[in-house]
4 protein chains.
Amino acid sequence: MSWNTFGRVFRFTTWGESHGPAIGAVVDGCPPGIALSEDDVQPWLDKRKPGQNKFTTQRREPDAVRILSGVFEGKTTGTPISLMIENVDQRSKDYSNVAQAYRPGHADYTYDAKYGFRDYRGGGRSSARETAMRVAAGAVARLVVPQVSILAYVAEIGGDRIDPAKFDAGQIGQNPFWCPDADAAARWEKLVDDARKAGSSLGAVVECVATGVPAGWGAPLYAKLDSELAAAMMSINAVKGVEIGDGFDAARLSGEANADPMRPGNEGPRFEANHAGGIAGGIATGQPVTCRVAFKPTSSILTPVDTITREDEATQISTKGRHDPCVGIRGVPVVEAMTACVLADQALLHRAQCG
Amino acid sequence: MSWNTFGRVFRFTTWGESHGPAIGAVVDGCPPGIALSEDDVQPWLDKRKPGQNKFTTQRREPDAVRILSGVFEGKTTGTPISLMIENVDQRSKDYSNVAQAYRPGHADYTYDAKYGFRDYRGGGRSSARETAMRVAAGAVARLVVPQVSILAYVAEIGGDRIDPAKFDAGQIGQNPFWCPDADAAARWEKLVDDARKAGSSLGAVVECVATGVPAGWGAPLYAKLDSELAAAMMSINAVKGVEIGDGFDAARLSGEANADPMRPGNEGPRFEANHAGGIAGGIATGQPVTCRVAFKPTSSILTPVDTITREDEATQISTKGRHDPCVGIRGVPVVEAMTACVLADQALLHRAQCG
Amino acid sequence: MSWNTFGRVFRFTTWGESHGPAIGAVVDGCPPGIALSEDDVQPWLDKRKPGQNKFTTQRREPDAVRILSGVFEGKTTGTPISLMIENVDQRSKDYSNVAQAYRPGHADYTYDAKYGFRDYRGGGRSSARETAMRVAAGAVARLVVPQVSILAYVAEIGGDRIDPAKFDAGQIGQNPFWCPDADAAARWEKLVDDARKAGSSLGAVVECVATGVPAGWGAPLYAKLDSELAAAMMSINAVKGVEIGDGFDAARLSGEANADPMRPGNEGPRFEANHAGGIAGGIATGQPVTCRVAFKPTSSILTPVDTITREDEATQISTKGRHDPCVGIRGVPVVEAMTACVLADQALLHRAQCG
Amino acid sequence: MSWNTFGRVFRFTTWGESHGPAIGAVVDGCPPGIALSEDDVQPWLDKRKPGQNKFTTQRREPDAVRILSGVFEGKTTGTPISLMIENVDQRSKDYSNVAQAYRPGHADYTYDAKYGFRDYRGGGRSSARETAMRVAAGAVARLVVPQVSILAYVAEIGGDRIDPAKFDAGQIGQNPFWCPDADAAARWEKLVDDARKAGSSLGAVVECVATGVPAGWGAPLYAKLDSELAAAMMSINAVKGVEIGDGFDAARLSGEANADPMRPGNEGPRFEANHAGGIAGGIATGQPVTCRVAFKPTSSILTPVDTITREDEATQISTKGRHDPCVGIRGVPVVEAMTACVLADQALLHRAQCG
């Protein structure tokens, strides 16, 4: 089943293909009376926009968002908010090779296996272009939980990690990598440029920290905050791993080393560590909610890769053209947006049950 | 909002607390005409049952499941299947310290923050005891997708990993750790026993492989198979990380190294690698679906840990009594069960949309 | 798909068959901290209980409810509330005729058509016995919306209506028909008894009034309060019609006659009529929410009716044994319960979005 | 909570206001490979289009639908289908009276009560204009269940009913009332025109018959086919009553008179009556699924009606301008569309569970 809606009470539904006339999202369940205009959404889309430097795909899309419903006199009305972006730079090209042969690692084969055929132009529905609408929905979600601050950044590219000792949030907007470590950013400049020139690609790890999440948001069991975040992140193109707090490192710790001792504090308890990433039993502790997300390298590379045609014949395929050498970089605003959507949804659900 | 239901069309709802009279699950949406009796469910529960050796909690529960509805003349009727296990060994003890002080890392504080109070007896709803009902639901799910084989095992305890070269599926049931590497099992014997004697605890990594999943199951975007699995795993107590396929390792690979080349095969394409863990674009490729799950060490340890009381006063707490030194071990049948439930649900959803 | 859950955030799932060991409901999403014990639920079940007089089925069930989870120290914890009733009086009898031939008007044929077979004992899942669990869930729902009063009564049996001029709420509990008009109750005594003696059955209309519903509950479009109530009522066995406010009569009025003029009031507007049944645009107006529900006569009658066997051979069937001559009578507490569940759900949803 | 999505696996979400730039729907879960273009949708919209004769609102909207996604090479891809209609004739006028005073019977007051304010231009979200998108979604739904034929018509206006003996399906498209009885159509001509000239309005009853629904579609209990249809119909603007089969009339019948005797037939059983409207136990019997829907008279009338202002002061309001004298007439294609959506959804759900 195609399932294109995310969320429980704060929900959004996305639609659109890479090379169709437009892409869009419908945000439902937003509280009324929130000031909202295109100016609240556009800056987040601009962060994600392709073609801004040589490290992202050279497709040039203005990505100008329009709000078509749900806002009156500058405020949300409580009815569905329709957001739309017209596709502009659908470069006309010959897709016959992609139409015929499956690009390994892409969704080409699996869409055919599921649906019998596919819109092969630019990846169709499986294009990362869909993530623009997540960013737009996330911009609305942020306004629903203004007490929360969300910050994501790239922590690792191609295995080269930032040095936590050099973490400087002020650096994040100063380089094309959303990198908080100026030295790492300098190294990545060459690393990513080399990959780009070679027609290769690199994976990345994105970290996200949400501060200001009140203790109590979240839910036991099948709507655990960890679980909602993991689903949200894994739904992003190219993501193959998610960690909350210490994640896999916690699996290597003893119970003593992994403890998060508590002390009396001024506003709720003070925690002396945050191995749990701000979530215990699926419910927020009041500490920063932290999450790490693994992006695989994009499968679009210049080196020919063995593959098969739709008729099951052996061939090879290589990808020329406009692609991100490291898709994780543009994943940063998407990770932030999905975090915002999860938290807005959980905030409303908590209010529903607990007042 | 408390959300105690998992799944979309094959769905189960669990209920019950550690020290209440019983725990249960209601499985809804199961296809009719499937042979089902308690004998199909009990063996999976027995795999998970506590008190089987010194490496798991010494709480002794027969965990005898009863089917109360949805089966007639030995077959599922298509109506809800109610599964119930009575709690037997709710050892009477003094819970006054747990009632008063929060065990760090547990859900004690967060339940209080959310709900205003909590059933503190044995962890109440947040007890790992709830996972017995997932195993029961998973036993039904397996019957819905008989073409799929699901195998999970412990790949790592306290940072000590199995040697892939020594992997022997036949070993998995031969040691108390669901360990496929006989040498690792021997090492873990001492490792876990030392932790147990010290009142300490250890984290673990569980791996799960589902073979026989047809290409085409799964869905784009917000019901991606990766996303559903991640949500399922992260909803298990103590889980803090999930990887599909190569997961975080893929983030360190180049596009060339991460490629999954395809060749013509007899039944669908033959893949020469499976970095993607059997899922591309959220949809199964036909290769084994692989998943790795990080369990933190249980927070119940003998060493006193700083904490606070409900009245926000500083104190310390230590946990005496019956606890798993490595909760990941008993996580193995739970990981298998959740995988089965995800796949049963996706199988039915695929049939709904694509026939 | 079998879909046995009702509600969006205040939700319940029922399970169980007429002749299985027990029936049950799991209520999820209930706010925490509400005082709840079996004593809050049992009286509503007692209202619905069969065998209380000669006008309802002579099956004798104590219908003693047990709460198995979700309550601690006498208060709801916010986790699932499991409610269970053991089936006691599953009279052992020969079901071979019902197993072989379809009772027209019952679900016998359609269950077979859908599922391939059915639990034919006492109607299995399609038995009105399931409604006991709705009453139990409704008892919890009432506690979620204590500001609301819900009153249902029988307004018509076999075409004989109450006289609105003789409406006396105090009469409702004074006769076996939940009838607010003493004269009508006297007439029905003979009407229903004659039907009972003849092995016949009668339809009925139940009316329900909920006062104290605040203006603003409800939602536009696909969760309109009218729509939720209609779905709730139509899900009750034997119901074939639902009206909100003037219902079909409104279709015969002019716009002038159907107007609900408003005047300034002390607490919100004062309305001079309530043709709309307390709902405009899907949202409560603050006036009483009114609803009318049509119950068909039970299809179980002594007169032989033409039918077919499972093997598609012509035969006849008649129903001897314990059946309600007018199933609408016992529908009264069920209609009240479903109204309570709808309103509790909408109350929480309204709080989620609008605070 | 605003809930603007209808359906379970075949689902659509609508957005848009009467006087915004556009209205739209996103259809999700549609099976792949179905031939679909604007030409499959437009004719149904044309049936509903306003301004076609003097008996409907004189707002003139071309209602030209565009498909923005989910179709490739003329076939559905299985991904979301975005449908959009631009609003053209948003006549610029002075809304200050509607902005200030509540139109009784409309959603003006309740939107304010719920959301704190509202888009008052042309009714905003509560405008019947939204139903155009239901018709568009319904056009897609019809293609999902091509074996089903759906026919709706007006059976009654202002209390004047058609004569069943004069029923002629061929008449339905021959008059402006979707009336199958030529004599009644002639009478209604004067009836509705008189109401129009007087600035008054009339209620109506719409009947709908779906033939070709296979026995087995539908589900027990909370997704009963009766229940889904009732929810669908009651979600349409101005609807206040729904009957399945004989509906309220069944409540006046004896069990003998209401029986639906069965005889052996060539393809499934032959039924000798259809009091149950093609549904027993919530599941289709294979007979025509029949439904009756009551539309109240539109509340927009020329006669001044007592009301209050937003500041709770007494005033009067009358509606000049473009309104339907009998909104039920344009309800016919909407009732058909909602029926199609319910059946498409149930068809897929049945396939999910029962293959």
# chains A, B, ... in the order shown; residues from 1 in each chain; ligands from 1
call {"tool": "interface_residues", "arguments": {"of": "chain B", "to": "chain C", "cutoff": "10 Å", "atoms": "only C-alpha atoms", "output": "count of residues only"}}
result
60
call {"tool": "select_by_dssp", "arguments": {"residues": "region 149-302 of chain B", "states": "strand (DSSP E or B)", "output": "MDAnalysis selection string"}}
result
chainID B and resid 149:157 160:161 202 204:211 218 221 239:244 254 262:263 270:271 279:280 283:284 289:295
call {"tool": "atom_distance", "arguments": {"atom1": "CA of Asp246 (chain D)", "atom2": "CA of Ala294 (chain C)"}}
result
9.8 Å
call {"tool": "select_by_dssp", "arguments": {"residues": "region 118-279 of chain B", "states": "alpha helix (DSSP H)", "output": "count of residues only"}}
result
44
call {"tool": "closest_residue", "arguments": {"among": "B:Thr319, B:Thr339, B:Ser201, B:Thr309", "to": "Tyr109 (chain B)", "atoms": "only C-alpha atoms"}}
result
B:Thr309
call {"tool": "atom_distance", "arguments": {"atom1": "CA of Gly268 (chain B)", "atom2": "CA of Arg351 (chain B)"}}
result
19.1 Å
call {"tool": "residues_around", "arguments": {"residues": "Asp193 (chain B)", "least_positions_apart": "5", "cutoff": "10 Å", "atoms": "only C-alpha atoms", "output": "list in words"}}
result
Lys54, Phe55, Trp188, Ala198, Gly199, Ser200, Ser201, Pro325 and Cys326 of chain B
call {"tool": "write_last_selection", "arguments": {"atoms": "N, CA, C and O atoms", "output": "mmCIF file, in the first residue's frame"}}
result
data_model
loop_
_atom_site.group_PDB
_atom_site.id
_atom_site.type_symbol
_atom_site.label_atom_id
_atom_site.label_comp_id
_atom_site.auth_asym_id
_atom_site.auth_seq_id
_atom_site.Cartn_x
_atom_site.Cartn_y
_atom_site.Cartn_z
ATOM 1 N N LYS B 54 20.785 -19.124 34.401
ATOM 2 C CA LYS B 54 21.238 -18.064 35.305
ATOM 3 C C LYS B 54 21.501 -16.744 34.587
ATOM 4 O O LYS B 54 21.790 -15.746 35.227
ATOM 5 N N PHE B 55 21.388 -16.754 33.260
ATOM 6 C CA PHE B 55 21.691 -15.527 32.529
ATOM 7 C C PHE B 55 20.465 -14.653 32.270
ATOM 8 O O PHE B 55 20.551 -13.621 31.626
ATOM 9 N N TRP B 188 31.230 -15.483 26.311
ATOM 10 C CA TRP B 188 30.116 -14.744 26.925
ATOM 11 C C TRP B 188 29.675 -15.392 28.234
ATOM 12 O O TRP B 188 29.180 -14.720 29.133
ATOM 13 N N ALA B 198 28.331 -9.506 39.787
ATOM 14 C CA ALA B 198 28.656 -8.153 40.245
ATOM 15 C C ALA B 198 27.415 -7.274 40.354
ATOM 16 O O ALA B 198 27.507 -6.109 40.734
ATOM 17 N N GLY B 199 26.266 -7.827 39.984
ATOM 18 C CA GLY B 199 25.059 -7.005 39.991
ATOM 19 C C GLY B 199 25.103 -5.942 38.918
ATOM 20 O O GLY B 199 24.426 -4.926 39.000
ATOM 21 N N SER B 200 25.929 -6.174 37.913
ATOM 22 C CA SER B 200 26.060 -5.221 36.815
ATOM 23 C C SER B 200 25.205 -5.679 35.632
ATOM 24 O O SER B 200 24.438 -6.646 35.750
ATOM 25 N N SER B 201 25.337 -5.006 34.516
ATOM 26 C CA SER B 201 24.576 -5.401 33.333
ATOM 27 C C SER B 201 25.351 -5.048 32.071
ATOM 28 O O SER B 201 26.276 -4.243 32.107
ATOM 29 N N PRO B 325 20.866 -9.806 33.538
ATOM 30 C CA PRO B 325 22.151 -9.114 33.402
ATOM 31 C C PRO B 325 22.355 -8.569 31.982
ATOM 32 O O PRO B 325 23.087 -7.612 31.786
ATOM 33 N N CYS B 326 21.706 -9.189 31.003
ATOM 34 C CA CYS B 326 21.838 -8.703 29.621
ATOM 35 C C CYS B 326 20.489 -8.878 28.943
ATOM 36 O O CYS B 326 20.153 -9.958 28.439
#
call {"tool": "atom_distance", "arguments": {"atom1": "CA of Ala136 (chain A)", "atom2": "CA of Leu45 (chain A)"}}
result
6.6 Å
call {"tool": "residues_around", "arguments": {"residues": "region 251-255 of chain B", "least_positions_apart": "2", "cutoff": "8 Å", "atoms": "only C-alpha atoms", "output": "list in words"}}
result
Ile157, Gly158, Gly159, Ser200, Ser201, Leu202, Gly203, Ala204, Val205, Ala294, Phe295, Lys296, Pro297, Thr298, Ser299, Ser300 and Ile301 of chain A; Gly247, Phe248, Asp249, Ala257, Asn258 and Ala259 of chain B
